[in-house]
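Notes follow the structure.
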Amino acid sequence: MIKAVIFDVGGTLHTQVKTAESTRRFRALVRAVLSRRGILSETDDETLFSAITEGARRYKQFSEEHLTELDPDVIWQDYFLAAPGFDKHLLEGLGEELCCIFDLEEKEIIPREGLQETISGLRARGYRLGILSNVMSRTMVGNVLERHGLSGAFPYVLQSSVCKIRKPDPRIFEICLHDMGLSKHEVIYVGDTVSRDVRGALAAGWPIIQIDNPLTYHRDTAYRDMGFHPTYFIHALPEILPIMDSLRAEESLPSLQKK
C-alpha cells in the first residue's frame with residue numbers, strides 16, 4: 001500500500017526559465033556577495049559570468065558522471081570560479097550562499113499549475129509527503145517551498161547537498177526509505193526527467209510518475225530509447241490525485257477479487 005508520495009523539486013514542483021531580468025538579478029546578487037570580500041571587483045561581467053557559466057558546465061559534467069555532490073565552497077573554488085585565477089581561499093564560507101543564489105535566482109521559478117491543489121489533496125488523503133532532490137545548496141529547497149507557500153507541507157526533505165549522493169544513484173532512494181521507515185512498495189516518486197528521476201526510481205524499485213517538462217526534454221535525449229518507462233506519465237500535477245485514488249481503490253480490493 002502506498003503511504004508516501006515523494007517529489008523532485010526543479011522541473012516538477014516548478015519550471016525554470018532564464019530571462020533578461022533573472023540574469024540581471026543573478027549577476028547583481030553574485031557581485032554583492034563577492035564584493036564583501038573584495039573578490040574580482042575589477043573583473044568585467046563578461047569575463048566573470050562566462051567563467052561561472054563554464055565552471056557550472058564542468059561541475060554538471062563531474063556531478064553527473066560521479067553521481068556525487070561536492071561541498072558548496074569546493075564547487076565555487078574549484079569549478080564556478082576556478083578560471084579567473086584568484087586566491088580561492090577568499091571564497092571560504094561563501095559557497096552555500098552563492099549556490100543558493102545560483103539555484104534560486106539564475107532563472108525565473110514558475111510554480112506548476114495546480115501545485116497547491118495537488119499538495120492539499122494528497123495531504124487530505126493522508127499521504128506522507130517528502131522531497132528527494134539533486135541540489136547544490138542546502139538551503140535552496142526550504143527557500144523555494146516558502147516561496148510556493150508550502151513551508152511545512154513536506155515533513156521529509158532529502159537533498160544531494162546533504163547526503164552527497166545524486167540521482168539516479170539508487171542509494172539516495174534507499175536513504176529516503178530508511179529515514180522514513182518505509183519499503184519500496186509503500187512509496188511513489190514524482191519527477192520530470194528520464195535521465196535522473198525515471199532511471200533512479202526504477203533502479204531502486206519504486207513506481208514513478210513522470211510529469212511532462214518540454215524545458216528539460218533535451219536532457220533525456222540519450223535515454224529516450226533505452227527502455228526507461230515511467231509507471232505513469234502526466235501533463236499536470238493534479239493528475240496525480242486520480243492516480244492515487246485509483247491505486248488506493250485497487251489496494252482495498254479483497255485479495256480474491258484481485259486474482
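Identifiers for the C-alpha cells are assigned positionally: chains receive A, B, ... in sequence, residues are indexed from 1 per chain, and ligands are indexed from 1 in the order shown.
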7 Å contact set for Arg138 (chain A), only C-alpha atoms, chain neighbours under 2 positions out, as a JSON list (two decimals) with C-alpha atoms, in the first residue's frame:
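Once written, out.json looks like this:
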```json
[["chain", "number", "residue", "atom", "x", "y", "z"],
["A", 136, "MET", "CA", 23.87, 22.09, -4.75],
["A", 140, "MET", "CA", 17.51, 26.22, -1.55],
["A", 161, "SER", "CA", 23.81, 18.60, -0.99],
["A", 162, "VAL", "CA", 23.38, 16.92, 2.40]]
```
If you run DSSP on this backbone, which residues of region 58-236 of chain A come out as strand (DSSP E), and could you give them as an MDAnalysis selection string? chainID A and resid 108:111 128:133 156:159 187:191 208:211 232:234
Interatomic distance (Å, one decimal) between CA of Leu253 (chain A) and CA of Gly181 (chain A):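 Calculated distance between CA of Leu253 (chain A) and CA of Gly181 (chain A) is 25.0 Å.
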Per DSSP on the backbone, what are the helix (DSSP H, G or I) residues of region 37-246 of chain A, as a PyMOL selection string? chain A and resi 45-66+72-80+88-91+95-105+115-124+140-147+160-163+170-180+184-186+194-204+214-223+237-246
Could you pull the residues within 9 Å of His148 (chain A), counting only C-alpha atoms, minus those fewer than 2 positions along the same chain, as a list in words?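 The filter keeps Leu13, Pro111, Leu115, Gln116, Asn143, Val144, Leu145, Glu146, Leu150 and Ser151 of chain A.
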Mind dumping the selected residues with N, CA, C and O atoms as a short mmCIF file (atom, residue, chain, number, x, y, z; two decimals), in the first residue's frame?
```
data_model
loop_
_atom_site.label_atom_id
_atom_site.label_comp_id
_atom_site.auth_asym_id
_atom_site.auth_seq_id
_atom_site.Cartn_x
_atom_site.Cartn_y
_atom_site.Cartn_z
N LEU A 13 7.89 20.51 -9.16
CA LEU A 13 7.04 21.45 -8.43
C LEU A 13 6.97 22.79 -9.16
O LEU A 13 5.99 23.52 -9.03
N PRO A 111 5.86 28.32 -10.41
CA PRO A 111 5.16 27.16 -9.82
C PRO A 111 4.30 26.46 -10.86
O PRO A 111 3.66 27.10 -11.71
N LEU A 115 -0.32 23.30 -8.27
CA LEU A 115 0.60 22.84 -7.23
C LEU A 115 -0.08 22.80 -5.86
O LEU A 115 -0.05 21.77 -5.18
N GLN A 116 -0.68 23.90 -5.47
CA GLN A 116 -1.32 23.95 -4.15
C GLN A 116 -2.45 22.93 -4.06
O GLN A 116 -2.60 22.23 -3.04
N ASN A 143 13.90 27.47 1.00
CA ASN A 143 13.57 28.79 0.48
C ASN A 143 12.51 28.72 -0.62
O ASN A 143 11.59 29.54 -0.66
N VAL A 144 12.64 27.76 -1.52
CA VAL A 144 11.69 27.71 -2.63
C VAL A 144 10.33 27.22 -2.17
O VAL A 144 9.29 27.65 -2.67
N LEU A 145 10.29 26.32 -1.18
CA LEU A 145 9.00 25.89 -0.65
C LEU A 145 8.29 27.06 0.03
O LEU A 145 7.06 27.20 -0.07
N GLU A 146 9.06 27.92 0.69
CA GLU A 146 8.47 29.10 1.30
C GLU A 146 7.88 30.02 0.24
O GLU A 146 6.78 30.56 0.38
N LEU A 150 4.50 26.63 0.72
CA LEU A 150 4.42 25.22 1.12
C LEU A 150 5.35 24.89 2.30
O LEU A 150 5.70 23.73 2.50
N SER A 151 5.75 25.90 3.05
CA SER A 151 6.56 25.63 4.24
C SER A 151 5.80 24.68 5.17
O SER A 151 4.64 24.91 5.50
#
```
If we count only C-alpha atoms and set the cut-off at 7 Å, which residues sit around region 2-10 of chain A, ignoring sequence neighbours fewer than 5 positions away in its own chain? Please answer as a list in words.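 Residues near the query, excluding close chain neighbours: Thr15, Tyr127, Arg128, Leu129, Gly130, Ile131, Leu132, Ser133, His185, Glu186, Val187, Ile188, Tyr189, Val190 and Gly191 of chain A.
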Write out, as a CSV table (one decimal), in the first residue's frame, the residues just selected, with N, CA, C and O atoms.
```
chain,number,residue,atom,x,y,z
A,15,THR,N,8.7,25.0,-12.9
A,15,THR,CA,9.6,25.1,-14.0
A,15,THR,C,10.5,26.3,-13.9
A,15,THR,O,10.2,27.2,-13.1
A,127,TYR,N,-1.6,11.0,2.8
A,127,TYR,CA,-0.3,10.6,2.4
A,127,TYR,C,0.8,11.4,3.0
A,127,TYR,O,0.7,12.6,3.3
A,128,ARG,N,1.9,10.7,3.4
A,128,ARG,CA,3.1,11.4,3.9
A,128,ARG,C,3.8,12.0,2.6
A,128,ARG,O,3.8,11.3,1.6
A,129,LEU,N,4.3,13.2,2.8
A,129,LEU,CA,4.9,13.9,1.6
A,129,LEU,C,6.4,14.1,1.9
A,129,LEU,O,6.8,14.4,3.1
A,130,GLY,N,7.2,14.0,0.9
A,130,GLY,CA,8.6,14.2,1.0
A,130,GLY,C,9.2,14.8,-0.2
A,130,GLY,O,8.6,14.8,-1.3
A,131,ILE,N,10.4,15.3,-0.1
A,131,ILE,CA,11.2,15.8,-1.2
A,131,ILE,C,12.5,15.0,-1.3
A,131,ILE,O,13.1,14.6,-0.3
A,132,LEU,N,12.9,14.6,-2.5
A,132,LEU,CA,14.1,14.0,-2.8
A,132,LEU,C,14.7,14.7,-4.0
A,132,LEU,O,14.1,14.5,-5.1
A,133,SER,N,15.8,15.5,-3.9
A,133,SER,CA,16.2,16.3,-5.0
A,133,SER,C,17.7,16.5,-5.1
A,133,SER,O,18.4,16.5,-4.1
A,185,HIS,N,7.6,-0.6,-1.7
A,185,HIS,CA,6.2,-0.8,-2.1
A,185,HIS,C,5.3,0.2,-1.4
A,185,HIS,O,4.1,0.2,-1.7
A,186,GLU,N,5.8,1.0,-0.6
A,186,GLU,CA,5.0,2.0,0.2
A,186,GLU,C,5.2,3.4,-0.3
A,186,GLU,O,4.6,4.3,0.3
A,187,VAL,N,6.0,3.6,-1.3
A,187,VAL,CA,6.2,5.0,-1.8
A,187,VAL,C,6.0,5.0,-3.3
A,187,VAL,O,6.0,4.0,-4.0
A,188,ILE,N,5.8,6.3,-3.8
A,188,ILE,CA,5.8,6.5,-5.2
A,188,ILE,C,6.5,7.9,-5.4
A,188,ILE,O,6.4,8.8,-4.6
A,189,TYR,N,7.3,8.0,-6.5
A,189,TYR,CA,8.1,9.1,-6.8
A,189,TYR,C,7.5,9.9,-7.9
A,189,TYR,O,6.9,9.4,-8.9
A,190,VAL,N,7.6,11.3,-7.8
A,190,VAL,CA,7.2,12.2,-8.9
A,190,VAL,C,8.3,13.0,-9.4
A,190,VAL,O,9.0,13.7,-8.6
A,191,GLY,N,8.7,12.9,-10.6
A,191,GLY,CA,9.8,13.7,-11.2
A,191,GLY,C,9.5,14.0,-12.6
A,191,GLY,O,8.6,13.5,-13.2
```
Spatial neighbours of Lys60 (chain A), 12 Å, only C-alpha atoms, chain gap at least 5 places, as a tab-separated table (two decimals) with all heavy atoms, in the first residue's frame:
```tsv
chain	number	residue	atom	x	y	z
A	52	ILE	N	31.84	31.67	-14.75
A	52	ILE	CA	30.87	30.95	-13.95
A	52	ILE	C	30.06	29.97	-14.80
A	52	ILE	O	29.82	28.82	-14.40
A	52	ILE	CB	29.94	31.95	-13.22
A	52	ILE	CG1	30.72	32.70	-12.14
A	52	ILE	CG2	28.72	31.24	-12.62
A	52	ILE	CD1	29.94	33.81	-11.46
A	53	THR	N	29.66	30.39	-16.00
A	53	THR	CA	28.91	29.51	-16.90
A	53	THR	C	29.73	28.29	-17.28
A	53	THR	O	29.24	27.15	-17.26
A	53	THR	CB	28.49	30.28	-18.17
A	53	THR	OG1	27.62	31.35	-17.79
A	53	THR	CG2	27.77	29.36	-19.14
A	54	GLU	N	31.00	28.51	-17.61
A	54	GLU	CA	31.87	27.38	-17.97
A	54	GLU	C	32.13	26.50	-16.76
A	54	GLU	O	32.14	25.26	-16.87
A	54	GLU	CB	33.19	27.90	-18.54
A	54	GLU	CG	34.24	26.83	-18.80
A	54	GLU	CD	33.80	25.73	-19.75
A	54	GLU	OE1	32.82	25.94	-20.51
A	54	GLU	OE2	34.44	24.65	-19.74
A	55	GLY	N	32.32	27.11	-15.60
A	55	GLY	CA	32.52	26.32	-14.39
A	55	GLY	C	31.31	25.50	-14.04
A	55	GLY	O	31.42	24.34	-13.61
A	65	GLU	N	28.62	12.52	-13.87
A	65	GLU	CA	29.49	11.35	-14.11
A	65	GLU	C	29.71	10.57	-12.82
A	65	GLU	O	29.69	9.32	-12.82
A	65	GLU	CB	30.83	11.80	-14.69
A	65	GLU	CG	31.79	10.65	-14.96
A	65	GLU	CD	33.11	11.12	-15.54
A	65	GLU	OE1	33.18	12.29	-15.99
A	65	GLU	OE2	34.07	10.33	-15.54
A	66	HIS	N	29.92	11.26	-11.72
A	66	HIS	CA	30.26	10.61	-10.45
A	66	HIS	C	29.07	10.44	-9.52
A	66	HIS	O	29.19	9.77	-8.48
A	66	HIS	CB	31.38	11.39	-9.76
A	66	HIS	CG	32.66	11.42	-10.51
A	66	HIS	ND1	33.59	10.40	-10.46
A	66	HIS	CD2	33.17	12.36	-11.36
A	66	HIS	CE1	34.61	10.70	-11.24
A	66	HIS	NE2	34.39	11.88	-11.80
A	67	LEU	N	27.94	11.07	-9.86
A	67	LEU	CA	26.71	11.00	-9.05
A	67	LEU	C	26.99	11.39	-7.59
A	67	LEU	O	26.53	10.73	-6.66
A	67	LEU	CB	26.07	9.61	-9.14
A	67	LEU	CG	25.62	9.18	-10.55
A	67	LEU	CD1	24.94	7.84	-10.50
A	67	LEU	CD2	24.72	10.25	-11.17
A	68	THR	N	27.74	12.44	-7.44
A	68	THR	CA	28.06	12.96	-6.11
A	68	THR	C	27.91	14.47	-6.11
A	68	THR	O	27.99	15.11	-7.16
A	68	THR	CB	29.48	12.56	-5.69
A	68	THR	OG1	29.67	12.86	-4.31
A	68	THR	CG2	30.54	13.27	-6.51
A	69	GLU	N	27.68	15.03	-4.92
A	69	GLU	CA	27.59	16.48	-4.75
A	69	GLU	C	28.74	16.92	-3.87
A	69	GLU	O	28.95	16.35	-2.79
A	69	GLU	CB	26.26	16.84	-4.09
A	69	GLU	CG	25.78	18.24	-4.40
A	69	GLU	CD	25.16	18.33	-5.78
A	69	GLU	OE1	24.04	17.84	-5.99
A	69	GLU	OE2	25.83	18.92	-6.67
A	70	LEU	N	29.48	17.91	-4.30
A	70	LEU	CA	30.60	18.40	-3.53
A	70	LEU	C	30.14	19.50	-2.56
A	70	LEU	O	29.04	20.03	-2.66
A	70	LEU	CB	31.68	18.95	-4.46
A	70	LEU	CG	32.29	17.95	-5.44
A	70	LEU	CD1	33.31	18.65	-6.34
A	70	LEU	CD2	32.94	16.79	-4.71
A	75	ILE	N	32.66	23.67	-4.79
A	75	ILE	CA	32.00	23.90	-6.08
A	75	ILE	C	32.42	25.25	-6.66
A	75	ILE	O	32.77	25.36	-7.84
A	75	ILE	CB	30.47	23.84	-5.91
A	75	ILE	CG1	30.02	22.41	-5.59
A	75	ILE	CG2	29.78	24.33	-7.19
A	75	ILE	CD1	28.56	22.28	-5.22
A	79	TYR	N	35.39	24.96	-9.40
A	79	TYR	CA	34.63	24.89	-10.65
A	79	TYR	C	34.11	26.26	-11.08
A	79	TYR	O	34.60	26.82	-12.06
A	79	TYR	CB	33.46	23.89	-10.51
A	79	TYR	CG	33.94	22.46	-10.44
A	79	TYR	CD1	34.24	21.87	-9.23
A	79	TYR	CD2	34.12	21.71	-11.60
A	79	TYR	CE1	34.70	20.56	-9.16
A	79	TYR	CE2	34.57	20.39	-11.55
A	79	TYR	CZ	34.87	19.83	-10.33
A	79	TYR	OH	35.33	18.55	-10.27
A	80	PHE	N	33.15	26.81	-10.36
A	80	PHE	CA	32.47	28.01	-10.84
A	80	PHE	C	33.41	29.20	-11.00
A	80	PHE	O	33.25	30.01	-11.91
A	80	PHE	CB	31.32	28.38	-9.89
A	80	PHE	CG	30.07	27.56	-10.09
A	80	PHE	CD1	30.13	26.22	-10.43
A	80	PHE	CD2	28.83	28.14	-9.93
A	80	PHE	CE1	28.99	25.47	-10.61
A	80	PHE	CE2	27.67	27.39	-10.10
A	80	PHE	CZ	27.75	26.05	-10.44
A	134	ASN	N	18.13	16.55	-6.35
A	134	ASN	CA	19.51	16.93	-6.65
A	134	ASN	C	19.61	18.44	-6.55
A	134	ASN	O	18.95	19.16	-7.31
A	134	ASN	CB	19.90	16.50	-8.06
A	134	ASN	CG	20.13	15.02	-8.19
A	134	ASN	OD1	20.15	14.30	-7.21
A	134	ASN	ND2	20.30	14.55	-9.42
A	135	VAL	N	20.41	18.95	-5.65
A	135	VAL	CA	20.54	20.39	-5.49
A	135	VAL	C	21.87	20.71	-4.83
A	135	VAL	O	22.29	20.00	-3.91
A	135	VAL	CB	19.35	20.96	-4.69
A	135	VAL	CG1	19.25	20.33	-3.32
A	135	VAL	CG2	19.40	22.47	-4.58
A	136	MET	N	22.56	21.73	-5.30
A	136	MET	CA	23.87	22.09	-4.75
A	136	MET	C	23.77	22.72	-3.37
A	136	MET	O	24.65	22.55	-2.53
A	136	MET	CB	24.59	23.06	-5.69
A	136	MET	CG	24.90	22.52	-7.06
A	136	MET	SD	25.86	23.73	-8.04
A	136	MET	CE	24.68	25.10	-8.13
A	166	ARG	N	23.73	11.76	-5.68
A	166	ARG	CA	22.80	12.33	-6.64
A	166	ARG	C	22.01	11.25	-7.37
A	166	ARG	O	22.52	10.17	-7.65
A	166	ARG	CB	23.55	13.18	-7.69
A	166	ARG	CG	24.14	14.47	-7.15
A	166	ARG	CD	24.97	15.16	-8.22
A	166	ARG	NE	24.20	15.45	-9.43
A	166	ARG	CZ	23.53	16.59	-9.64
A	166	ARG	NH1	23.52	17.54	-8.72
A	166	ARG	NH2	22.87	16.77	-10.76
A	219	ARG	N	17.57	17.07	-22.04
A	219	ARG	CA	18.38	16.36	-21.06
A	219	ARG	C	18.23	14.85	-21.19
A	219	ARG	O	19.11	14.09	-20.81
A	219	ARG	CB	17.98	16.81	-19.65
A	219	ARG	CG	18.88	16.32	-18.54
A	219	ARG	CD	18.39	16.83	-17.19
A	219	ARG	NE	18.46	18.28	-17.11
A	219	ARG	CZ	17.83	19.01	-16.19
A	219	ARG	NH1	17.07	18.42	-15.29
A	219	ARG	NH2	17.95	20.32	-16.17
```
Neighbouring residues of Ser195 (chain A) were defined as those with any atom within 8 Å, considering only C-alpha atoms; residues of the same chain fewer than 5 positions away were excluded. Please report them as an MDAnalysis selection string. chainID A and resid 168 200 219:220 223
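The shortest atom-to-atom distance to Glu97 (chain A), with only C-alpha atoms taken into account, belongs to A:Thr139 out of A:Ser35, A:Thr118, A:Leu237, A:Thr139.
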Tell me, as a count of residues only, which residues lie within 9 Å of region 37-50 of chain A, counting only C-alpha atoms; anything in the same chain fewer than 5 positions away does not count. 10
Distance CA of Ile119 (chain A)-CA of Ala153 (chain A), one decimal place?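 About the pair CA of Ile119 (chain A) and CA of Ala153 (chain A): they are 7.6 Å apart.
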One number please: CA of Glu106 (chain A) to CA of Leu215 (chain A), in Å, one decimal.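 A separation of 15.2 Å between them.
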